[in-house]
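> Right, I'll just put the structure down here and ask away after.
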Amino acid sequence: MATYVTLFNFTEKGAREIKDTLKRVEAAKAAAKQFGVTIKEVLSLQGQYDLVAITEATDEIAAAALTLNTIKLGNSRVQTMRAFTAGEMAKILEKVA
């Protein structure tokens, strides 16, 4: 399973409906399972971003499908990044000349 970090910023719609944030997170966790994605953690943030999610996906297609379906809802803008564990990074570094 690949790990991803997603940063969220609320849109105007998401800010207007801020009290529904936790309900939306729970709905996202249920929806994620349909795509082969597990949402490991969602944290609220202070600063430049409003939320961060740590997810594990079966593949890039599953991760991208969840991201696009999240964007489609209109509550947030997202930035998703592939994250590598120490073990994965060790394998990557073995290939560095």
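By order in the structure tokens, chains are A, B, ...; within a chain, residues start at 1; ligands start at 1, following the order shown.
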I'd like a table as JSON lines: residues in stretch 4-70 of chain A with an atom no more than 6 Å from stretch 75-96 of chain A, each row giving the shortest atom pair and its distance in Å to one decimal, only C-alpha atoms counted, sorted by chain and rising residue number.


{"residue": "A:Tyr4", "atom": "CA", "partner": "A:Arg82", "partner_atom": "CA", "distance": 4.5}
{"residue": "A:Val5", "atom": "CA", "partner": "A:Met81", "partner_atom": "CA", "distance": 5.3}
{"residue": "A:Thr6", "atom": "CA", "partner": "A:Thr80", "partner_atom": "CA", "distance": 4.2}
{"residue": "A:Leu7", "atom": "CA", "partner": "A:Gln79", "partner_atom": "CA", "distance": 5.2}
{"residue": "A:Phe8", "atom": "CA", "partner": "A:Val78", "partner_atom": "CA", "distance": 4.7}
{"residue": "A:Asn9", "atom": "CA", "partner": "A:Arg77", "partner_atom": "CA", "distance": 5.2}
{"residue": "A:Phe10", "atom": "CA", "partner": "A:Ser76", "partner_atom": "CA", "distance": 4.2}
{"residue": "A:Thr11", "atom": "CA", "partner": "A:Ser76", "partner_atom": "CA", "distance": 4.9}
{"residue": "A:Lys13", "atom": "CA", "partner": "A:Asn75", "partner_atom": "CA", "distance": 5.5}
{"residue": "A:Gly14", "atom": "CA", "partner": "A:Asn75", "partner_atom": "CA", "distance": 4.0}

> Keeping only all heavy atoms, take the residues you just selected and write them out as a short mmCIF file (atom, residue, chain, number, x, y, z; two decimals), in the first residue's frame.


data_model
loop_
_atom_site.label_atom_id
_atom_site.label_comp_id
_atom_site.auth_asym_id
_atom_site.auth_seq_id
_atom_site.Cartn_x
_atom_site.Cartn_y
_atom_site.Cartn_z
N TYR A 4 -0.05 8.43 1.27
CA TYR A 4 -0.24 9.76 0.72
C TYR A 4 -0.55 10.74 1.84
O TYR A 4 -1.17 10.39 2.84
CB TYR A 4 -1.41 9.79 -0.29
CG TYR A 4 -1.12 8.97 -1.51
CD1 TYR A 4 -1.37 7.62 -1.54
CD2 TYR A 4 -0.56 9.56 -2.64
CE1 TYR A 4 -1.09 6.84 -2.65
CE2 TYR A 4 -0.27 8.79 -3.77
CZ TYR A 4 -0.54 7.45 -3.76
OH TYR A 4 -0.25 6.70 -4.87
N VAL A 5 -0.11 11.98 1.65
CA VAL A 5 -0.43 13.08 2.55
C VAL A 5 -1.24 14.08 1.72
O VAL A 5 -0.79 14.47 0.63
CB VAL A 5 0.85 13.75 3.11
CG1 VAL A 5 0.50 14.99 3.92
CG2 VAL A 5 1.65 12.76 3.92
N THR A 6 -2.40 14.46 2.22
CA THR A 6 -3.23 15.43 1.50
C THR A 6 -3.47 16.63 2.40
O THR A 6 -3.89 16.49 3.55
CB THR A 6 -4.57 14.81 1.08
OG1 THR A 6 -4.31 13.66 0.28
CG2 THR A 6 -5.41 15.80 0.29
N LEU A 7 -3.18 17.80 1.84
CA LEU A 7 -3.42 19.07 2.54
C LEU A 7 -4.69 19.69 1.99
O LEU A 7 -4.91 19.71 0.77
CB LEU A 7 -2.24 20.02 2.31
CG LEU A 7 -0.90 19.52 2.85
CD1 LEU A 7 0.23 20.38 2.33
CD2 LEU A 7 -0.91 19.48 4.37
N PHE A 8 -5.52 20.20 2.89
CA PHE A 8 -6.82 20.77 2.50
C PHE A 8 -6.91 22.24 2.90
O PHE A 8 -6.48 22.62 3.98
CB PHE A 8 -7.96 20.05 3.23
CG PHE A 8 -8.11 18.61 2.87
CD1 PHE A 8 -7.33 17.63 3.47
CD2 PHE A 8 -9.04 18.21 1.93
CE1 PHE A 8 -7.46 16.29 3.15
CE2 PHE A 8 -9.19 16.87 1.59
CZ PHE A 8 -8.40 15.91 2.21
N ASN A 9 -7.52 23.02 2.01
CA ASN A 9 -7.94 24.38 2.31
C ASN A 9 -9.44 24.45 2.04
O ASN A 9 -9.89 24.03 0.96
CB ASN A 9 -7.24 25.42 1.43
CG ASN A 9 -5.81 25.63 1.85
OD1 ASN A 9 -4.90 25.24 1.15
ND2 ASN A 9 -5.62 26.24 2.99
N PHE A 10 -10.19 24.99 2.99
CA PHE A 10 -11.62 25.13 2.78
C PHE A 10 -11.90 26.15 1.69
O PHE A 10 -11.24 27.18 1.61
CB PHE A 10 -12.33 25.59 4.06
CG PHE A 10 -12.31 24.57 5.17
CD1 PHE A 10 -11.90 24.92 6.44
CD2 PHE A 10 -12.72 23.27 4.95
CE1 PHE A 10 -11.89 24.01 7.47
CE2 PHE A 10 -12.70 22.32 5.97
CZ PHE A 10 -12.29 22.71 7.23
N THR A 11 -12.88 25.86 0.86
CA THR A 11 -13.41 26.84 -0.09
C THR A 11 -14.41 27.71 0.68
O THR A 11 -14.66 27.47 1.88
CB THR A 11 -14.14 26.15 -1.24
OG1 THR A 11 -15.24 25.38 -0.69
CG2 THR A 11 -13.21 25.25 -2.04
N LYS A 13 -17.56 27.63 0.30
CA LYS A 13 -18.63 26.69 0.66
C LYS A 13 -18.24 25.89 1.91
O LYS A 13 -19.03 25.73 2.83
CB LYS A 13 -18.90 25.74 -0.51
CG LYS A 13 -19.97 24.70 -0.23
CD LYS A 13 -20.15 23.79 -1.45
CE LYS A 13 -21.28 22.83 -1.24
NZ LYS A 13 -20.86 21.50 -0.84
N GLY A 14 -17.01 25.37 1.92
CA GLY A 14 -16.55 24.58 3.06
C GLY A 14 -16.50 25.40 4.34
O GLY A 14 -16.82 24.91 5.42
#

> If you measure from atom CA of A:Gly36 to atom CA of A:Asp59, what distance in Å do you get, rounded to one decimal?

8.2 Å

> Once DSSP has gone over the backbone, tell me which residues of chain A are in helix (DSSP H, G or I), as a PyMOL selection string.

chain A and resi 12-16+18-34+60-72+86-94

> Convert the current residue selection to file output with C-alpha atoms, as a PDB file, in the first residue's frame.


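The resulting file, selection-v7.pdb, is shown below:
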ATOM      1  CA  GLU A  12     -16.045  29.488   0.671  1.00  0.00           C
ATOM      2  CA  LYS A  13     -18.629  26.687   0.661  1.00  0.00           C
ATOM      3  CA  GLY A  14     -16.554  24.584   3.062  1.00  0.00           C
ATOM      4  CA  ALA A  15     -16.063  27.568   5.385  1.00  0.00           C
ATOM      5  CA  ARG A  16     -19.781  28.373   5.382  1.00  0.00           C
ATOM      6  CA  ILE A  18     -17.585  24.486   8.799  1.00  0.00           C
ATOM      7  CA  LYS A  19     -19.758  22.848  11.468  1.00  0.00           C
ATOM      8  CA  ASP A  20     -20.207  19.853   9.156  1.00  0.00           C
ATOM      9  CA  THR A  21     -16.452  19.219   8.914  1.00  0.00           C
ATOM     10  CA  LEU A  22     -16.421  16.151  11.172  1.00  0.00           C
ATOM     11  CA  LYS A  23     -19.461  14.682   9.394  1.00  0.00           C
ATOM     12  CA  ARG A  24     -17.678  15.188   6.061  1.00  0.00           C
ATOM     13  CA  VAL A  25     -14.561  13.460   7.420  1.00  0.00           C
ATOM     14  CA  GLU A  26     -16.605  10.433   8.486  1.00  0.00           C
ATOM     15  CA  ALA A  27     -18.345  10.339   5.096  1.00  0.00           C
ATOM     16  CA  ALA A  28     -14.935  10.549   3.396  1.00  0.00           C
ATOM     17  CA  LYS A  29     -13.663   7.585   5.421  1.00  0.00           C
ATOM     18  CA  ALA A  30     -16.620   5.491   4.255  1.00  0.00           C
ATOM     19  CA  ALA A  31     -16.256   6.631   0.639  1.00  0.00           C
ATOM     20  CA  ALA A  32     -12.506   5.998   0.668  1.00  0.00           C
ATOM     21  CA  LYS A  33     -13.042   2.293   1.347  1.00  0.00           C
ATOM     22  CA  GLN A  34     -14.995   2.023  -1.923  1.00  0.00           C
ATOM     23  CA  GLU A  60      -2.245   5.626  -7.678  1.00  0.00           C
ATOM     24  CA  ILE A  61      -5.538   5.235  -9.525  1.00  0.00           C
ATOM     25  CA  ALA A  62      -7.417   4.659  -6.265  1.00  0.00           C
ATOM     26  CA  ALA A  63      -5.731   7.663  -4.646  1.00  0.00           C
ATOM     27  CA  ALA A  64      -6.451   9.897  -7.637  1.00  0.00           C
ATOM     28  CA  ALA A  65     -10.093   8.785  -7.839  1.00  0.00           C
ATOM     29  CA  LEU A  66     -10.650   9.633  -4.177  1.00  0.00           C
ATOM     30  CA  THR A  67      -8.960  13.020  -4.637  1.00  0.00           C
ATOM     31  CA  LEU A  68     -11.102  13.900  -7.662  1.00  0.00           C
ATOM     32  CA  ASN A  69     -14.294  12.842  -5.906  1.00  0.00           C
ATOM     33  CA  THR A  70     -13.317  14.982  -2.915  1.00  0.00           C
ATOM     34  CA  ILE A  71     -12.659  18.027  -5.106  1.00  0.00           C
ATOM     35  CA  LYS A  72     -15.976  17.487  -6.873  1.00  0.00           C
ATOM     36  CA  ALA A  86      11.889   4.853   5.804  1.00  0.00           C
ATOM     37  CA  GLY A  87      11.970   1.375   4.256  1.00  0.00           C
ATOM     38  CA  GLU A  88      10.762   2.697   0.893  1.00  0.00           C
ATOM     39  CA  MET A  89      13.262   5.542   1.031  1.00  0.00           C
ATOM     40  CA  ALA A  90      16.079   3.064   1.703  1.00  0.00           C
ATOM     41  CA  LYS A  91      15.135   1.212  -1.515  1.00  0.00           C
ATOM     42  CA  ILE A  92      15.062   4.518  -3.418  1.00  0.00           C
ATOM     43  CA  LEU A  93      18.465   5.529  -2.062  1.00  0.00           C
ATOM     44  CA  GLU A  94      19.939   2.204  -3.176  1.00  0.00           C
TER      45      GLU A  94
END

> Between atom CA of A:Thr3 and atom CA of A:Gln46, what distance in Å does the model show, to one decimal?

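Separation between atom CA of A:Thr3 and atom CA of A:Gln46: 23.0 Å.
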
> One decimal, in Å: what's the spacing between atom CA of A:Val37 and atom CA of A:Leu51?

17.7 Å

> I need the strand (DSSP E) residues of stretch 3-96 of chain A per DSSP on the backbone, written as a PyMOL selection string.

chain A and resi 3-10+37-44+51-57+76-83
